[in-house]
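J.: My file is input07.cif. It has mmCIF, C-alpha atoms:
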data_work
#
loop_
_atom_site.label_atom_id
_atom_site.label_comp_id
_atom_site.auth_asym_id
_atom_site.auth_seq_id
_atom_site.Cartn_x
_atom_site.Cartn_y
_atom_site.Cartn_z
CA MET A 948 0.00 0.00 0.00
CA LYS A 949 2.81 2.36 0.84
CA PHE A 950 4.56 1.41 -2.38
CA SER A 951 1.51 2.35 -4.49
CA ARG A 952 1.27 5.73 -2.76
CA VAL A 953 4.94 6.37 -3.39
CA LEU A 954 4.50 5.42 -7.07
CA ALA A 955 1.46 7.69 -7.42
CA ASN A 956 3.29 10.56 -5.83
CA SER A 957 6.23 9.93 -8.14
CA ASN A 958 3.99 10.02 -11.25
CA LYS A 959 2.38 13.25 -10.05
CA ALA A 960 5.82 14.78 -9.50
CA SER A 961 6.94 13.65 -12.94
CA ALA A 962 3.83 15.10 -14.59
CA THR A 963 4.28 18.33 -12.67
CA SER A 964 7.93 18.51 -13.73
CA HIS A 965 6.99 17.85 -17.37
CA PHE A 966 4.31 20.55 -17.25
CA LEU A 967 6.72 23.04 -15.72
CA LYS A 968 9.38 22.30 -18.34
CA SER A 969 6.87 22.67 -21.17
CA THR A 970 5.51 25.86 -19.66
CA MET A 971 8.99 27.31 -19.30
CA VAL A 972 9.61 26.77 -23.02
CA VAL A 973 6.17 27.49 -24.47
CA ALA A 974 5.35 30.59 -22.40
CA PRO A 975 8.07 32.73 -23.98
CA LEU A 976 6.96 31.53 -27.42
CA LEU A 977 3.40 32.56 -26.72
CA ALA A 978 4.73 35.99 -25.83
CA LEU A 979 6.71 35.87 -29.05
CA LEU A 980 3.56 35.18 -31.01
CA ALA A 981 1.89 38.16 -29.34
CA GLY A 982 4.71 40.34 -30.72
CA CYS A 983 4.92 39.12 -34.32
CA ALA A 984 7.80 41.47 -35.06
CA ALA A 985 10.05 39.21 -32.99
CA LEU A 986 9.45 36.22 -35.28
CA PRO A 987 12.06 35.42 -37.95
CA SER A 988 11.22 37.51 -41.03
CA ALA A 989 12.78 38.74 -44.25
CA GLY A 990 11.65 42.28 -43.50
CA PRO A 991 8.76 44.40 -42.27
CA ILE A 992 5.20 43.22 -42.81
CA SER A 993 2.65 45.39 -44.62
CA SER A 994 1.03 46.70 -41.45
CA GLU A 995 4.39 47.87 -40.10
CA ILE A 996 5.13 49.80 -43.28
CA GLN A 997 1.65 51.34 -43.18
CA ALA A 998 1.96 52.30 -39.52
CA ALA A 999 5.40 53.87 -39.92
CA SER A 1000 4.28 55.97 -42.89
CA THR A 1001 1.49 57.60 -40.86
CA GLU A 1002 3.79 58.71 -38.08
CA ARG A 1003 4.91 62.33 -38.45
CA ARG A 1004 8.54 62.28 -37.42
CA ALA A 1005 11.29 64.68 -38.40
CA GLU A 1006 13.74 61.96 -39.39
CA PRO A 1007 16.07 61.85 -42.40
CA PHE A 1008 14.41 58.69 -43.69
CA ASP A 1009 10.80 59.62 -43.02
CA TYR A 1010 9.01 58.32 -46.11
CA HIS A 1011 5.79 58.62 -48.09
CA LEU A 1012 3.66 55.54 -48.73
CA ILE A 1013 1.82 55.97 -52.05
CA ASP A 1014 -0.62 53.51 -53.58
CA LEU A 1015 0.11 52.90 -57.24
CA ASP A 1016 -3.12 54.05 -58.88
CA ASP A 1017 -3.96 55.48 -62.31
CA ASN A 1018 -3.02 59.05 -61.34
CA VAL A 1019 0.36 58.00 -59.98
CA THR A 1020 1.25 55.91 -63.03
CA SER A 1021 0.22 58.81 -65.29
CA VAL A 1022 2.43 61.31 -63.43
CA LEU A 1023 5.41 58.95 -63.34
CA SER A 1024 5.08 58.07 -67.04
CA ALA A 1025 5.04 61.73 -68.09
CA TYR A 1026 7.81 62.92 -65.79
CA GLN A 1027 11.30 63.34 -67.20
CA PRO A 1028 14.16 63.87 -64.73
CA ASN A 1029 16.64 66.66 -65.36
CA GLY A 1030 18.80 65.58 -68.25
CA LEU A 1031 20.93 67.24 -70.89
CA ALA A 1032 18.14 69.18 -72.62
CA LYS A 1033 16.93 70.83 -69.39
CA VAL A 1034 20.41 71.95 -68.32
CA PHE A 1035 21.68 73.00 -71.76
CA THR A 1036 18.55 74.68 -73.08
CA GLY A 1037 20.20 75.94 -76.28
CA GLY A 1038 21.16 72.45 -77.38
CA LYS A 1039 18.44 72.26 -80.05
CA TRP A 1040 20.28 74.66 -82.38
CA ALA A 1041 23.67 74.30 -84.00
CA PRO A 1042 26.15 76.94 -82.81
CA LYS A 1043 27.92 79.25 -85.25
CA HIS A 1044 31.59 78.57 -85.65
CA ILE A 1045 33.68 81.25 -83.94
CA VAL A 1046 37.14 81.81 -85.36
CA GLY A 1047 39.88 81.17 -82.85
CA ILE A 1048 43.64 81.06 -82.50
CA GLY A 1049 45.18 78.43 -84.77
CA ASP A 1050 42.29 78.36 -87.26
CA THR A 1051 43.21 78.71 -90.94
CA VAL A 1052 40.98 80.71 -93.28
CA SER A 1053 40.97 81.33 -97.02
CA VAL A 1054 39.94 84.63 -98.59
CA VAL A 1055 38.71 84.77 -102.20
CA VAL A 1056 38.30 88.21 -103.82
CA TRP A 1057 36.42 89.08 -107.02
CA GLU A 1058 36.90 92.51 -108.61
CA GLN A 1059 34.92 94.33 -111.30
CA GLY A 1060 36.07 97.10 -113.62
CA ASN A 1061 39.50 98.35 -114.51
CA ASP A 1062 42.52 98.99 -112.33
CA ARG A 1063 42.08 95.80 -110.38
CA LEU A 1064 44.25 95.33 -107.34
CA PHE A 1065 44.49 91.54 -107.18
CA THR A 1066 43.74 90.36 -110.74
CA PRO A 1067 45.03 91.75 -114.07
CA ASN A 1068 42.52 93.45 -116.33
CA GLY A 1069 40.73 91.00 -118.58
CA GLN A 1070 41.26 88.02 -116.26
CA ALA A 1071 37.97 86.48 -115.19
CA GLY A 1072 37.21 84.92 -111.84
CA GLY A 1073 38.44 85.62 -108.39
CA VAL A 1074 41.78 85.18 -106.74
CA GLU A 1075 42.37 83.22 -103.56
CA LEU A 1076 44.41 84.93 -100.91
CA GLY A 1077 46.03 82.96 -98.19
CA PRO A 1078 45.46 80.64 -96.51
CA PHE A 1079 45.91 82.70 -93.36
CA MET A 1080 46.37 81.31 -89.85
CA VAL A 1081 45.01 83.23 -86.89
CA ASN A 1082 48.05 84.15 -84.81
CA GLN A 1083 48.43 84.33 -81.05
CA SER A 1084 47.18 87.89 -80.99
CA GLY A 1085 43.99 86.75 -82.75
CA ALA A 1086 44.66 88.47 -86.08
CA ILE A 1087 45.39 87.61 -89.71
CA THR A 1088 47.48 89.69 -92.10
CA ILE A 1089 45.98 90.43 -95.54
CA PRO A 1090 48.06 91.94 -98.39
CA TYR A 1091 47.35 95.64 -98.96
CA VAL A 1092 45.12 95.62 -95.88
CA GLY A 1093 47.35 94.65 -93.00
CA LYS A 1094 46.21 93.08 -89.77
CA VAL A 1095 42.54 92.23 -89.35
CA HIS A 1096 41.29 91.03 -86.00
CA ALA A 1097 39.66 87.61 -86.50
CA ARG A 1098 39.47 85.93 -83.11
CA GLY A 1099 35.98 85.81 -81.64
CA LYS A 1100 34.25 86.54 -84.97
CA SER A 1101 32.06 84.13 -86.86
CA VAL A 1102 33.07 83.38 -90.45
CA GLU A 1103 30.28 85.68 -91.65
CA ARG A 1104 31.43 88.56 -89.41
CA LEU A 1105 35.05 88.14 -90.53
CA GLN A 1106 33.91 88.23 -94.15
CA GLU A 1107 32.03 91.48 -93.53
CA ALA A 1108 35.10 93.02 -91.85
CA LEU A 1109 37.33 92.11 -94.83
CA GLN A 1110 34.72 93.43 -97.26
CA VAL A 1111 34.80 96.81 -95.52
CA ALA A 1112 38.61 96.83 -95.41
CA LEU A 1113 38.99 95.95 -99.13
CA ASP A 1114 36.35 98.42 -100.30
CA ARG A 1115 38.95 101.16 -99.83
CA LYS A 1116 41.67 99.24 -101.70
CA ALA A 1117 40.19 97.11 -104.48
CA THR A 1118 37.80 97.82 -107.34
CA ASN A 1119 34.23 96.82 -106.46
CA PRO A 1120 35.43 93.79 -104.51
CA GLN A 1121 33.34 90.78 -103.48
CA VAL A 1122 34.83 88.77 -100.62
CA ILE A 1123 34.21 85.17 -99.57
CA VAL A 1124 35.86 83.70 -96.46
CA THR A 1125 35.98 79.95 -95.82
CA LEU A 1126 37.42 77.96 -92.97
CA LYS A 1127 40.21 75.73 -94.19
CA GLN A 1128 41.29 74.17 -90.93
CA ASN A 1129 39.53 74.10 -87.58
CA ALA A 1130 42.01 74.10 -84.74
CA SER A 1131 40.06 75.96 -82.05
CA SER A 1132 36.54 74.49 -82.03
CA LEU A 1133 37.33 71.22 -80.29
CA VAL A 1134 35.56 68.96 -77.85
CA THR A 1135 37.19 66.42 -75.56
CA VAL A 1136 35.81 62.89 -75.25
CA ASN A 1137 37.05 60.55 -72.52
CA GLY A 1138 35.94 57.53 -70.56
CA ALA A 1139 34.40 54.32 -71.85
CA VAL A 1140 34.86 55.06 -75.56
CA ARG A 1141 37.12 53.24 -78.00
CA LYS A 1142 39.13 56.28 -79.16
CA PRO A 1143 39.25 59.02 -76.51
CA GLY A 1144 40.72 62.35 -77.53
CA GLN A 1145 39.96 65.81 -78.93
CA TYR A 1146 37.70 66.16 -81.96
CA PRO A 1147 36.95 69.20 -84.16
CA LEU A 1148 33.44 70.43 -84.82
CA ASP A 1149 32.02 71.00 -88.28
CA LEU A 1150 30.73 74.40 -89.37
CA SER A 1151 27.26 72.86 -89.51
CA GLY A 1152 27.62 71.69 -85.91
CA LYS A 1153 27.72 68.26 -84.36
CA LYS A 1154 25.36 66.53 -82.00
CA LEU A 1155 26.39 64.52 -78.97
CA LEU A 1156 25.92 61.10 -80.57
CA ASP A 1157 27.97 62.21 -83.60
CA VAL A 1158 30.89 63.13 -81.35
CA VAL A 1159 30.66 59.85 -79.42
CA ALA A 1160 30.64 58.02 -82.77
CA ASN A 1161 33.77 59.93 -83.87
CA ALA A 1162 35.43 58.67 -80.70
CA GLY A 1163 34.79 55.10 -81.78
CA GLY A 1164 31.47 54.74 -80.01
CA ASN A 1165 30.69 53.56 -76.49
CA ALA A 1166 32.70 50.54 -75.35
CA SER A 1167 29.82 49.17 -73.23
CA PRO A 1168 26.12 48.63 -73.99
CA ALA A 1169 24.14 51.86 -74.21
CA THR A 1170 21.76 50.67 -71.47
CA GLU A 1171 24.75 50.43 -69.11
CA SER A 1172 26.51 53.66 -70.12
CA TYR A 1173 26.01 57.23 -68.91
CA VAL A 1174 27.22 60.24 -70.88
CA SER A 1175 27.96 63.48 -69.06
CA VAL A 1176 28.61 66.91 -70.57
CA SER A 1177 30.52 69.67 -68.76
CA ARG A 1178 30.26 73.25 -70.07
CA ASN A 1179 31.11 76.56 -68.42
CA GLY A 1180 30.73 75.22 -64.90
CA ARG A 1181 27.49 73.35 -65.61
CA GLN A 1182 27.21 69.60 -65.83
CA ALA A 1183 24.49 67.10 -66.69
CA LYS A 1184 24.35 63.42 -67.50
CA GLN A 1185 21.96 61.02 -69.14
CA LEU A 1186 21.72 57.32 -69.81
CA LEU A 1187 23.14 56.83 -73.29
CA SER A 1188 20.24 54.67 -74.40
CA ASN A 1189 17.88 57.52 -73.45
CA VAL A 1190 19.87 59.84 -75.72
CA PHE A 1191 19.26 57.40 -78.57
CA LEU A 1192 15.54 57.24 -77.80
CA ASN A 1193 14.93 60.94 -77.09
CA ASN A 1194 16.16 63.31 -79.78
CA ASP A 1195 15.89 66.32 -77.44
CA GLU A 1196 18.61 64.76 -75.26
CA ASN A 1197 20.89 64.49 -78.30
CA ILE A 1198 22.04 68.10 -77.93
CA TYR A 1199 24.43 70.07 -80.10
CA VAL A 1200 27.83 70.26 -78.48
CA ARG A 1201 29.83 73.47 -78.13
CA PRO A 1202 33.56 74.19 -78.48
CA GLY A 1203 35.32 73.39 -75.23
CA ASP A 1204 32.73 70.86 -74.06
CA ARG A 1205 34.06 67.93 -72.06
CA ILE A 1206 32.23 64.69 -72.69
CA PHE A 1207 32.72 61.70 -70.42
CA VAL A 1208 31.20 58.25 -70.93
CA THR A 1209 31.03 55.91 -67.94
CA HIS A 1210 30.09 52.25 -67.62
CA ASP A 1211 27.55 52.06 -64.81
CA PRO A 1212 25.11 49.12 -65.15
CA GLN A 1213 21.57 49.86 -63.94
CA THR A 1214 20.29 47.45 -61.32
CA PHE A 1215 17.41 46.86 -58.95
CA THR A 1216 17.39 44.80 -55.77
CA ALA A 1217 14.74 42.30 -54.69
CA PHE A 1218 14.09 41.52 -51.02
CA GLY A 1219 11.50 39.76 -48.94
CA ALA A 1220 9.21 36.91 -49.94
CA VAL A 1221 10.65 36.28 -53.38
CA PRO A 1222 12.19 33.09 -54.78
CA LYS A 1223 15.67 34.58 -54.86
CA VAL A 1224 16.85 37.67 -53.01
CA GLY A 1225 19.54 39.60 -54.86
CA GLU A 1226 20.61 42.36 -57.22
CA TYR A 1227 19.35 42.13 -60.81
CA PRO A 1228 20.43 44.07 -63.93
CA LEU A 1229 17.82 46.13 -65.74
CA GLN A 1230 19.53 45.68 -69.15
CA ALA A 1231 17.00 47.90 -70.90
CA SER A 1232 15.81 51.50 -70.91
CA ASN A 1233 12.23 50.77 -69.89
CA VAL A 1234 11.74 47.76 -67.62
CA SER A 1235 8.31 47.61 -66.02
CA LEU A 1236 7.59 46.36 -62.52
CA VAL A 1237 5.79 43.33 -63.98
CA GLU A 1238 8.82 42.48 -66.13
CA ALA A 1239 11.08 42.81 -63.10
CA LEU A 1240 8.88 40.41 -61.13
CA GLY A 1241 9.16 37.94 -63.99
CA ARG A 1242 12.94 38.12 -63.84
CA ILE A 1243 13.06 37.29 -60.14
CA GLY A 1244 10.57 34.44 -60.48
CA GLY A 1245 7.51 36.25 -59.18
CA LEU A 1246 6.30 36.08 -55.60
CA ASP A 1247 7.02 33.23 -53.23
CA LYS A 1248 3.64 31.45 -53.23
CA ASN A 1249 4.31 29.89 -49.83
CA ALA A 1250 5.26 33.07 -48.02
CA ALA A 1251 4.35 36.22 -49.96
CA ASN A 1252 1.59 38.64 -49.14
CA SER A 1253 0.21 39.42 -52.60
CA GLN A 1254 -1.23 42.65 -51.21
CA GLY A 1255 2.17 43.76 -49.96
CA LEU A 1256 4.32 44.54 -53.02
CA PHE A 1257 6.43 47.65 -52.46
CA VAL A 1258 9.00 49.66 -54.45
CA PHE A 1259 11.42 51.77 -52.39
CA ARG A 1260 12.87 54.80 -54.18
CA TYR A 1261 14.33 58.28 -53.67
CA GLU A 1262 11.97 60.44 -55.72
CA ASP A 1263 12.40 63.93 -57.14
CA PRO A 1264 10.48 66.62 -55.20
CA GLN A 1265 8.76 67.71 -58.45
CA VAL A 1266 7.05 64.33 -58.65
CA ILE A 1267 5.80 64.62 -55.07
CA ALA A 1268 4.41 68.08 -55.87
CA GLN A 1269 2.52 66.71 -58.90
CA LEU A 1270 1.10 63.88 -56.82
CA LYS A 1271 -0.27 66.50 -54.40
CA THR A 1272 1.28 64.65 -51.49
CA GLU A 1273 2.41 66.57 -48.43
CA TYR A 1274 6.12 67.16 -48.89
CA ARG A 1275 8.53 65.79 -46.33
CA GLY A 1276 12.06 66.24 -47.64
CA SER A 1277 15.41 64.69 -46.83
CA ASN A 1278 18.97 65.88 -46.41
CA SER A 1279 19.90 64.66 -49.90
CA GLY A 1280 17.24 66.75 -51.66
CA LYS A 1281 15.39 63.61 -52.71
CA VAL A 1282 12.24 62.32 -51.06
CA PRO A 1283 12.06 58.74 -49.73
CA VAL A 1284 8.98 57.13 -51.26
CA ILE A 1285 7.45 53.65 -51.07
CA TYR A 1286 5.03 52.74 -53.84
CA ARG A 1287 2.54 50.00 -52.94
CA LEU A 1288 0.76 47.63 -55.33
CA ASN A 1289 -1.96 45.10 -54.50
CA MET A 1290 -1.33 42.09 -56.74
CA ARG A 1291 -4.63 40.52 -55.65
CA ASP A 1292 -6.35 43.10 -57.85
CA ALA A 1293 -6.25 42.05 -61.52
CA ARG A 1294 -6.02 45.72 -62.60
CA SER A 1295 -2.75 46.00 -60.73
CA TYR A 1296 -0.99 44.03 -63.45
CA PHE A 1297 -1.80 46.78 -65.95
CA LYS A 1298 -0.57 49.42 -63.52
CA GLY A 1299 2.59 47.38 -62.97
CA GLN A 1300 3.21 47.41 -66.71
CA LEU A 1301 3.08 51.22 -66.74
CA PHE A 1302 5.41 51.59 -63.74
CA THR A 1303 9.02 51.77 -64.94
CA LEU A 1304 11.78 50.72 -62.60
CA ARG A 1305 14.76 53.03 -62.14
CA ASP A 1306 18.36 52.43 -61.26
CA LYS A 1307 18.85 51.38 -57.61
CA ASP A 1308 15.15 50.75 -56.95
CA VAL A 1309 14.36 48.20 -54.22
CA VAL A 1310 11.48 45.79 -54.83
CA TYR A 1311 10.21 44.33 -51.58
CA VAL A 1312 7.50 41.69 -51.06
CA SER A 1313 6.22 41.40 -47.49
CA SER A 1314 5.45 38.05 -45.91
CA ALA A 1315 1.87 36.98 -45.31
CA TYR A 1316 0.72 36.70 -41.70
CA GLY A 1317 0.06 33.00 -42.29
CA ALA A 1318 3.68 32.54 -43.27
CA GLU A 1319 4.79 34.08 -39.99
CA LEU A 1320 2.33 31.81 -38.15
CA ASN A 1321 3.74 28.78 -39.95
CA LYS A 1322 7.19 29.76 -38.76
CA PHE A 1323 5.86 29.98 -35.23
CA ILE A 1324 4.21 26.56 -35.49
CA LYS A 1325 7.46 25.03 -36.73
CA ILE A 1326 9.34 26.62 -33.85
CA LEU A 1327 6.65 25.48 -31.42
CA SER A 1328 6.68 21.92 -32.82
CA GLY A 1329 10.44 21.72 -32.46
CA THR A 1330 10.23 23.10 -28.93
CA LEU A 1331 7.56 20.62 -27.87
CA ALA A 1332 9.67 17.82 -29.27
CA ILE A 1333 12.57 19.02 -27.20
CA SER A 1334 10.29 19.26 -24.18
CA LYS A 1335 9.03 15.73 -24.76
CA THR A 1336 12.57 14.45 -24.98
CA ALA A 1337 13.48 16.28 -21.81
CA SER A 1338 10.53 14.74 -19.95
CA THR A 1339 11.88 11.26 -20.53
CA PHE A 1340 14.87 12.00 -18.36
#
Could you spell out this file's structure in structure tokens?

T.:
Amino acid sequence: MKFSRVLANSNKASATSHFLKSTMVVAPLLALLAGCAALPSAGPISSEIQAASTERRAEPFDYHLIDLDDNVTSVLSAYQPNGLAKVFTGGKWAPKHIVGIGDTVSVVVWEQGNDRLFTPNGQAGGVELGPFMVNQSGAITIPYVGKVHARGKSVERLQEALQVALDRKATNPQVIVTLKQNASSLVTVNGAVRKPGQYPLDLSGKKLLDVVANAGGNASPATESYVSVSRNGRQAKQLLSNVFLNNDENIYVRPGDRIFVTHDPQTFTAFGAVPKVGEYPLQASNVSLVEALGRIGGLDKNAANSQGLFVFRYEDPQVIAQLKTEYRGSNSGKVPVIYRLNMRDARSYFKGQLFTLRDKDVVYVSSAYGAELNKFIKILSGTLAISKTASTF
């Protein structure tokens, strides 16, 4: 009888010990479930992003959360960031050639009547004088005329000046000035081109793509190359493929311009509930959000929240103004923005096709709450197994 009581007491003690051990392990996990943010996760869940966006804090990375609707896609599609055409507003027109030191010009004179200065009487046609090189003082020396200042004049203005000077010397002269050699109107091309160096400009002018072609063309794909132009203290750059696509960006260059081509592949980064987290090349001028999702394998069907697709980006303040969103700036001059798209809505796929990714965009897919719960269940199952094993000792 005593033995049975001892055995019963022993079983009760063992059960109590097992319960206490299980409670010691499970209780913290229940608290963990209450605070879902403590569960293992690839990033913030949708509700956390939503909550943080509504808080008004004066922080450098305070962001706007904007739903990707028809108005937003329309504004983003029409907006063009500052490129070459906006900085160099006169780039639509070819510049006049300005004569400079080292240039060589030819002067042809026709005379009418008797007592001709340059051609004997009875000889038809004009006579070519020169060629004349513009010296260091900026002048050329013409027979019977002397020094004529040429530097800083267009070919037309120099021709007018010689006409006036010869009117007092020759008989009814007609003067034509042509540029024989261009040594002053040069542009410099460096960087990722096949033949860097200095290149002269034609009298008719040259556009940016013409100059890059003269330098042997870009050494890297146009979708991975940026071209920058520096002129009189101003500088602007543009993706080379955009210069090909947009004729306004193919500006006329000016003497003294410095052109630099760089190889800088455009990429976007995918995080969260996607099949493969990583950095992906854009490899094209216009890659839509839907195309980008196709490249990364879409959403992880076992973990993704299809209502929680986000694109993180630093946006230009002009875009925020057009979207009529309250402006909250940053130290860099750009505005942190998160665009949200609900992939459960069939219309979102059309909106995703109109949304173009930009260089350094971050595509993030949040995890579904069920996925976080599944993680908890797996942790709980493993913990209970450990607890069961411990109770056998």

J.: Closest to A:Asp1114 among A:Leu1256, A:Val1056, A:Ala1250, A:Leu1015, using all atoms listed in the file?

T.: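 Ranked by minimum distance to A:Asp1114, first place goes to A:Val1056.
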
J.: For A:Lys1039, please output as an NGL selection string all residues within 8 Å (counting only C-alpha atoms; exclusion window: fewer than 6 positions along the same chain).

T.: :A and (1195 or 1198-1199)

J.: Report as a PDB file with C-alpha atoms, in the coordinates of the input all protein, DNA and RNA residues lying within 8 Å of A:Asp1211, evaluated on all atoms listed in the file, omitting residues in the same chain fewer than 2 positions from it.

T.:
ATOM      1  CA  GLU A1171      24.750  50.430 -69.110  1.00  0.00           C
ATOM      2  CA  SER A1172      26.510  53.660 -70.120  1.00  0.00           C
ATOM      3  CA  TYR A1173      26.010  57.230 -68.910  1.00  0.00           C
ATOM      4  CA  THR A1209      31.030  55.910 -67.940  1.00  0.00           C
ATOM      5  CA  GLN A1213      21.570  49.860 -63.940  1.00  0.00           C
TER       6      GLN A1213
END

J.: Name the residues in contact with A:Gly1245 at a cut-off of 10 Å, using all atoms listed in the file, excluding same-chain residues fewer than 2 positions from it; report them as a list in words.

T.: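 Within the cut-off, the hits are Ala1220, Val1221, Pro1222, Lys1223, Val1237, Glu1238, Ala1239, Leu1240, Gly1241, Arg1242, Ile1243, Asp1247, Lys1248, Ala1251 and Val1312 of chain A.
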
J.: Would you please work out which residue, of A:Val1034, A:Asn1161, A:Arg1260, A:Lys1271, is nearest to A:Asn1179 when using all atoms listed in the file?

T.: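 Between A:Val1034, A:Asn1161, A:Arg1260, A:Lys1271, the residue approaching A:Asn1179 most closely is A:Val1034.
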
J.: Find the distance between atom CA of A:Gly1144 and atom CA of A:Ala1041 and write it in Å to one decimal.

T.: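 One can read the atom CA of A:Gly1144 to atom CA of A:Ala1041 distance as 21.8 Å.
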
J.: Give me the residues within 7 Å of A:Gln1145 as number ranges by chain, counting all atoms listed in the file and dropping any in the same chain fewer than 5 places off.

T.: A: 1133-1136

J.: The PyMOL selection byres ((chain A and resi 1096-1099) around 7) - which residues does that actually catch in the file I just gave you? List them as a PyMOL selection string.

T.: chain A and resi 1045-1048+1081+1085-1087+1094-1095+1100-1101+1105

J.: Name the residues in contact with A:Val1074 at a cut-off of 12 Å, using only C-alpha atoms, excluding same-chain residues fewer than 3 positions from it; report them as a PyMOL selection string.

T.: chain A and resi 1053-1058+1063-1067+1070-1071+1077-1078+1120-1124

J.: Check what the PyMOL selection byres ((chain A and resi 1299) around 10) selects in the file above and give those residues as a compact mmCIF listing (two decimals) with C-alpha atoms, keeping the file's coordinate frame.

T.:
# COMPACT_ATOMS: atom_id res chain seq x y z
CA LEU A 1015 0.11 52.90 -57.24
CA ASP A 1016 -3.12 54.05 -58.88
CA THR A 1020 1.25 55.91 -63.03
CA SER A 1235 8.31 47.61 -66.02
CA LEU A 1236 7.59 46.36 -62.52
CA VAL A 1237 5.79 43.33 -63.98
CA GLU A 1238 8.82 42.48 -66.13
CA ALA A 1239 11.08 42.81 -63.10
CA LEU A 1240 8.88 40.41 -61.13
CA LEU A 1288 0.76 47.63 -55.33
CA ASN A 1289 -1.96 45.10 -54.50
CA MET A 1290 -1.33 42.09 -56.74
CA ARG A 1294 -6.02 45.72 -62.60
CA SER A 1295 -2.75 46.00 -60.73
CA TYR A 1296 -0.99 44.03 -63.45
CA PHE A 1297 -1.80 46.78 -65.95
CA LYS A 1298 -0.57 49.42 -63.52
CA GLN A 1300 3.21 47.41 -66.71
CA LEU A 1301 3.08 51.22 -66.74
CA PHE A 1302 5.41 51.59 -63.74
CA THR A 1303 9.02 51.77 -64.94
CA LEU A 1304 11.78 50.72 -62.60
